[in-house]
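Engineer: This structure is in structure tokens; I'll ask about it shortly.
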Amino acid sequence: MPAPPINPMDDARSAETIERIFFELRKVIVGQSRLLERMLVGLLARGHCLLESVPGLAKTLAAETLANVVGGTFARIQFTPDLLPSDIVGTRIYRGSTEKFDVELGPVFVNFLLTDEINRAPAKVQSALLEVMAEQQVTIGGTTHPVPNPFFVVATQNPIESEGVYQLPDAQRDRFMMKIVLDHPTAAEELVILDRMAVNPPVAGRVIELDELIAMQRRSDAVYVDRTVGQYAVDLVQATRVPDVFGLGELAPSIGLGASPRASLWLVRGARALSLIRGRTYATPQDVFDVAPEVMRHRLLLTYDALARDITPDTIVNRILETVPATWVSPKPNDALERR
């Protein structure tokens with residue numbers, strides 16, 4: 001189905017709305033600009049985000065603040081070893097008064113779902129999210145129940161814990177569009193945190209309603225992607241599978257399994273969303289380049305040899321980004337419209 005024509009007035013409104021969203025987010029979150037931008041990219045691209053950092057870096061606060069800014073319903077699930085799948089998606093309950101089974105829907109039926117410390121629950125519980133993340137629906141007792149639209153999952157995990165945690169299954173990791181790794185704030189940012197959060201923490205105001213968010217997601221879908229931009233995304237993913245073809249033979253012993261086709265799809269969809277955030281109606285290879293670390297790092301399986309040599313997925317991705325060339329495309333907006 002062809003995309004609707006682009007209205008320049010809509011472009012101006014989108015740019016203003018995005019600026020207001022970031023303003024409200026930054027009222028609460030100090031620093032972490034990459035986190036805020038990537039979370040908005042995931043939301044506009046209809047993906048899901050996995051946040052990884054040591055405790056205390058505002059992962060939970062960022063997810064809740066984003067939900068407040070765009071006016072969606074929000075729920076938080078604290079993953080623990082004794083959690084059951086029914087605690088997440090819901091279950092059937094027998095009502096003695098009616099002698100019938102009723103469906104009790106779980107906390108996943110919200111617009112923004114935060115699964116805190118997702119690696120503290122066993123694989124069976126983690127996998128309960130697979131259907132709802134991929135299909136935006138839950139099946140209980142043979143009946144399918146769609147979750148609200150839009151639906152955005154933010155999961156957090158702590159990389160330093162080794163007791164009472166379960167490694168995220170490969171299939172579960174691949175369901176996430178991006179894995180965002182957070183760093184500690186700078187000294188200047190930490191002083192701002194002290195001043196801002198000590199007594200009366202600020203509260204972000206609502207900027208848009210859900211119907212406006214859905215309209216922005218559709219505008220992200222309509223961003224023009226040149227063939228060369230798509231080829232660049234495919235080349236980055238192919239370099240993780242056949243590195244020899246791209247002159248990266250030294251990486252072959254370190255990569256046990258390359259990125260899945262979902263990586264190519266999310267690179268392009270992420271580039272579209274990032275282009276919209278940056279005020280353009282067309283994507284460039286730079287947009288693909290910028291979202292590549294978050295899209296690809298959790299989709300690489302490294303060999304034991306790589307782990308023994310302290311080679312990380314980020315090392316592999318950075319080497320690929322340094323080597324694989326891209327054809328630069330910078331059409332004017334009118335040119336992009338004519339080529340659609």
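Please note that chains go A, B, ... in the order of the structure tokens, that every chain numbers its residues from 1, and that ligands are numbered from 1 in the order shown.
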Tell me which protein, DNA and RNA residues are within 8 Å of range 146-155 of chain A, counting only C-alpha atoms, leaving out same-chain ones fewer than 4 positions away, and put them as a list of chain:residue names.
Structural biologist: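 My reading of the contact set: A:Leu43, A:Arg46, A:Gly47, A:His48, A:Cys49, A:Leu50, A:Leu51, A:Ala63, A:Val108, A:Phe109, A:Val110, A:Asn111, A:Phe112, A:Leu113, A:Leu114, A:Thr115, A:Asp116, A:Glu117, A:Ile118, A:Val132, A:Met133, A:Gln136, A:Gln137, A:Val138, A:Leu210, A:Ile214.
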Engineer: Please identify which residues in range 4-252 of chain A DSSP calls alpha helix (DSSP H) from the backbone, and express them as a PyMOL selection string.
Structural biologist: chain A and resi 8-28+33-44+59-70+86-89+123-127+129-135+170-175+187-197+210-221+227-241
Engineer: Find the residues around range 271-277 of chain A up to 6 Å (only C-alpha atoms counted), leave out those fewer than 3 positions away in its own chain, and share them as a ChimeraX atom specification.
Structural biologist: /A:41,44-45,220,223,268,280,283,287-288
Engineer: Selected residues, C-alpha atoms, written as a PDB file, in the first residue's frame, please.
Structural biologist:
```pdb
ATOM      1  CA  VAL A  41      13.493   5.721  18.114  1.00  0.00           C
ATOM      2  CA  LEU A  44       8.413   5.397  16.762  1.00  0.00           C
ATOM      3  CA  ALA A  45       9.706   2.257  15.012  1.00  0.00           C
ATOM      4  CA  SER A 220       8.137   7.373  10.545  1.00  0.00           C
ATOM      5  CA  VAL A 223      10.271   8.297   5.622  1.00  0.00           C
ATOM      6  CA  VAL A 268      16.155   0.429   8.352  1.00  0.00           C
ATOM      7  CA  ARG A 280      14.262  14.867   7.705  1.00  0.00           C
ATOM      8  CA  ALA A 283      17.086   8.395   5.707  1.00  0.00           C
ATOM      9  CA  ASP A 287      21.246   7.135  10.410  1.00  0.00           C
ATOM     10  CA  VAL A 288      21.885   3.412   9.884  1.00  0.00           C
TER      11      VAL A 288
END
```
Engineer: Can you list every residue in range 111-236 of chain A that DSSP puts in strand (DSSP E), as an NGL selection string?
Structural biologist: :A and (112-116 or 137-140 or 143-146 or 152-157 or 178-181)
Engineer: Would you output that residue set with C-alpha atoms, as a PDB file, in the first residue's frame?
Structural biologist:
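Output file again.pdb is given in full below:
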```pdb
ATOM      1  CA  PHE A 112       4.169   0.971  28.171  1.00  0.00           C
ATOM      2  CA  LEU A 113       5.414  -2.118  29.953  1.00  0.00           C
ATOM      3  CA  LEU A 114       8.564  -2.025  32.077  1.00  0.00           C
ATOM      4  CA  THR A 115       9.970  -5.463  32.900  1.00  0.00           C
ATOM      5  CA  ASP A 116      12.478  -4.654  35.595  1.00  0.00           C
ATOM      6  CA  GLN A 137      -1.525 -10.240  21.535  1.00  0.00           C
ATOM      7  CA  VAL A 138      -1.896 -12.853  24.273  1.00  0.00           C
ATOM      8  CA  THR A 139      -3.626 -16.227  24.028  1.00  0.00           C
ATOM      9  CA  ILE A 140      -5.350 -17.412  27.210  1.00  0.00           C
ATOM     10  CA  THR A 143      -8.833 -17.026  23.126  1.00  0.00           C
ATOM     11  CA  THR A 144      -6.665 -14.263  21.697  1.00  0.00           C
ATOM     12  CA  HIS A 145      -6.619 -10.908  23.453  1.00  0.00           C
ATOM     13  CA  PRO A 146      -4.892  -7.956  21.694  1.00  0.00           C
ATOM     14  CA  PHE A 152       6.179  -0.661  23.902  1.00  0.00           C
ATOM     15  CA  VAL A 153       8.253  -2.941  26.136  1.00  0.00           C
ATOM     16  CA  VAL A 154      11.288  -1.665  28.027  1.00  0.00           C
ATOM     17  CA  ALA A 155      13.269  -4.366  29.827  1.00  0.00           C
ATOM     18  CA  THR A 156      16.160  -3.723  32.180  1.00  0.00           C
ATOM     19  CA  GLN A 157      18.966  -5.959  33.331  1.00  0.00           C
ATOM     20  CA  MET A 178      17.780  -2.405  20.537  1.00  0.00           C
ATOM     21  CA  LYS A 179      20.026  -3.113  23.476  1.00  0.00           C
ATOM     22  CA  ILE A 180      21.028   0.199  25.031  1.00  0.00           C
ATOM     23  CA  VAL A 181      24.018   0.265  27.374  1.00  0.00           C
TER      24      VAL A 181
END
```
Engineer: Can you measure CA of Asp235 in chain A to CA of Pro325 in chain A for me? One decimal in Å is fine.
Structural biologist: 8.7 Å
Engineer: Using only C-alpha atoms, can you tell me which of A:Glu16, A:Asp244, A:Glu24, A:Asp82 comes closest to Arg206 in chain A?
Structural biologist: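 Among the listed residues, A:Glu24 lies closest to Arg206 in chain A.
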Engineer: Contacts of Val324 in chain A at 9 Å or less, counting only C-alpha atoms, minus same-chain residues fewer than 5 places along, as a list in words?
Structural biologist: Tyr232, Asp235, Leu236, Ala239, Phe246, Gly247 and Arg319 of chain A
Engineer: Please provide as a list in words all residues within 7 Å of Tyr166 in chain A, with the sequence filter that same-chain residues fewer than 5 positions apart are discarded (counting only C-alpha atoms).
Structural biologist: Asn119, Arg120, Ala121 and Pro122 of chain A
Engineer: Using only C-alpha atoms, determine which residues lie at most 12 Å from Phe23 in chain A, disregarding the query and same-chain residues fewer than 2 positions distant; provide the list as a tab-separated table (two decimals) with C-alpha atoms, in the first residue's frame.
Structural biologist:
```
chain	number	residue	atom	x	y	z
A	16	GLU	CA	8.02	20.88	17.18
A	17	THR	CA	6.38	17.95	18.97
A	18	ILE	CA	9.64	15.99	19.15
A	19	GLU	CA	11.43	19.02	20.55
A	20	ARG	CA	8.78	19.36	23.26
A	21	ILE	CA	9.01	15.64	24.09
A	25	LEU	CA	12.15	14.18	29.25
A	26	ARG	CA	15.21	16.28	30.08
A	27	LYS	CA	13.32	18.02	32.89
A	28	VAL	CA	13.50	14.71	34.75
A	29	ILE	CA	16.43	12.81	33.23
A	30	VAL	CA	19.86	14.45	33.52
A	33	SER	CA	20.87	11.89	25.74
A	36	LEU	CA	16.39	9.17	25.48
A	37	GLU	CA	16.90	9.42	21.73
A	65	THR	CA	8.79	9.40	32.27
A	66	LEU	CA	8.41	8.56	28.57
A	69	VAL	CA	5.06	12.42	28.31
A	203	VAL	CA	7.58	15.84	36.97
A	204	ALA	CA	7.33	15.68	33.20
A	205	GLY	CA	4.17	17.03	31.60
A	206	ARG	CA	2.14	15.31	28.93
A	207	VAL	CA	3.00	16.53	25.43
```
Engineer: Hey, which of A:Gln167, A:Asn318, A:Thr327, A:Ser254 ends up closest to Thr303 in chain A? Count only C-alpha atoms.
Structural biologist: A:Ser254
Engineer: Leaving out Leu251 in chain A and any residue of its chain fewer than 2 positions from it, which residues lie within 12 Å of it when counting only C-alpha atoms, given as a ChimeraX atom specification?
Structural biologist: /A:239-249,253-258,300,302-303,305-306,311-313,315-320,323
Engineer: Quick one: write out the picked residues with N, CA and C atoms as a short mmCIF file (atom, residue, chain, number, x, y, z; two decimals), in the first residue's frame?
Structural biologist:
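Here's the written file result-v9.cif:
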```cif
data_model
loop_
_atom_site.label_atom_id
_atom_site.label_comp_id
_atom_site.auth_asym_id
_atom_site.auth_seq_id
_atom_site.Cartn_x
_atom_site.Cartn_y
_atom_site.Cartn_z
N ALA A 239 28.18 -8.70 6.97
CA ALA A 239 29.55 -8.72 7.47
C ALA A 239 29.69 -9.51 8.76
N THR A 240 28.58 -9.69 9.49
CA THR A 240 28.64 -10.52 10.69
C THR A 240 28.54 -12.01 10.35
N ARG A 241 28.10 -12.33 9.14
CA ARG A 241 27.93 -13.74 8.74
C ARG A 241 29.07 -14.22 7.86
N VAL A 242 29.48 -13.38 6.92
CA VAL A 242 30.58 -13.73 6.01
C VAL A 242 31.61 -12.61 6.04
N PRO A 243 32.31 -12.45 7.15
CA PRO A 243 33.25 -11.33 7.26
C PRO A 243 34.36 -11.35 6.21
N ASP A 244 34.71 -12.54 5.70
CA ASP A 244 35.76 -12.62 4.70
C ASP A 244 35.43 -11.81 3.45
N VAL A 245 34.16 -11.77 3.08
CA VAL A 245 33.74 -11.06 1.87
C VAL A 245 34.03 -9.57 1.98
N PHE A 246 34.03 -9.05 3.19
CA PHE A 246 34.21 -7.62 3.41
C PHE A 246 35.61 -7.29 3.93
N GLY A 247 36.54 -8.21 3.75
CA GLY A 247 37.91 -7.96 4.19
C GLY A 247 38.07 -7.99 5.70
N LEU A 248 37.20 -8.72 6.38
CA LEU A 248 37.25 -8.81 7.84
C LEU A 248 37.48 -10.24 8.29
N GLY A 249 38.35 -10.92 7.60
CA GLY A 249 38.61 -12.33 7.90
C GLY A 249 39.07 -12.57 9.32
N PRO A 253 36.98 -16.09 13.36
CA PRO A 253 37.10 -16.99 14.52
C PRO A 253 36.37 -16.50 15.77
N SER A 254 35.97 -15.24 15.79
CA SER A 254 35.32 -14.68 16.98
C SER A 254 33.80 -14.74 16.92
N ILE A 255 33.23 -14.89 15.72
CA ILE A 255 31.77 -14.86 15.56
C ILE A 255 31.25 -16.28 15.42
N GLY A 256 30.48 -16.72 16.42
CA GLY A 256 29.89 -18.04 16.33
C GLY A 256 28.64 -18.04 15.46
N LEU A 257 27.84 -16.98 15.56
CA LEU A 257 26.62 -16.84 14.76
C LEU A 257 26.38 -15.36 14.52
N GLY A 258 26.17 -15.01 13.26
CA GLY A 258 25.96 -13.61 12.90
C GLY A 258 24.55 -13.13 13.22
N LEU A 300 24.70 -10.89 18.17
CA LEU A 300 25.92 -11.63 17.83
C LEU A 300 26.21 -12.66 18.92
N LEU A 302 29.19 -14.90 20.21
CA LEU A 302 30.64 -15.01 20.09
C LEU A 302 31.12 -16.41 20.44
N THR A 303 32.26 -16.77 19.91
CA THR A 303 32.85 -18.08 20.20
C THR A 303 33.56 -18.05 21.55
N ASP A 305 36.57 -18.74 21.97
CA ASP A 305 37.87 -18.11 21.73
C ASP A 305 37.78 -16.59 21.92
N ALA A 306 36.70 -16.00 21.42
CA ALA A 306 36.52 -14.55 21.58
C ALA A 306 36.33 -14.19 23.04
N ILE A 311 37.03 -10.32 23.90
CA ILE A 311 36.43 -9.63 22.76
C ILE A 311 34.92 -9.52 23.00
N THR A 312 34.38 -8.34 22.89
CA THR A 312 32.97 -8.10 23.13
C THR A 312 32.21 -7.90 21.82
N PRO A 313 30.88 -8.04 21.83
CA PRO A 313 30.11 -7.74 20.62
C PRO A 313 30.34 -6.32 20.12
N THR A 315 33.06 -4.66 20.22
CA THR A 315 34.33 -4.67 19.48
C THR A 315 34.10 -5.10 18.04
N ILE A 316 33.30 -6.15 17.87
CA ILE A 316 33.01 -6.67 16.53
C ILE A 316 32.24 -5.63 15.72
N VAL A 317 31.19 -5.07 16.33
CA VAL A 317 30.35 -4.11 15.61
C VAL A 317 31.16 -2.88 15.22
N ASN A 318 31.97 -2.37 16.11
CA ASN A 318 32.78 -1.18 15.79
C ASN A 318 33.75 -1.46 14.65
N ARG A 319 34.33 -2.64 14.66
CA ARG A 319 35.26 -3.00 13.56
C ARG A 319 34.52 -3.06 12.23
N ILE A 320 33.30 -3.60 12.24
CA ILE A 320 32.50 -3.66 11.01
C ILE A 320 32.14 -2.26 10.53
N THR A 323 34.89 -0.54 8.72
CA THR A 323 35.39 -1.15 7.48
C THR A 323 34.38 -1.13 6.34
#
```
Engineer: Please, what distance in Å, to one decimal, runs between CA of Leu35 in chain A and CA of Ile88 in chain A?
Structural biologist: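 So the two atoms, CA of Leu35 in chain A and CA of Ile88 in chain A, lie 25.9 Å apart.
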Engineer: Which is closest to Asn68 in chain A among A:Asp226, A:Glu209, A:Asp87, A:Asp310, if we use only C-alpha atoms?
Structural biologist: A:Glu209
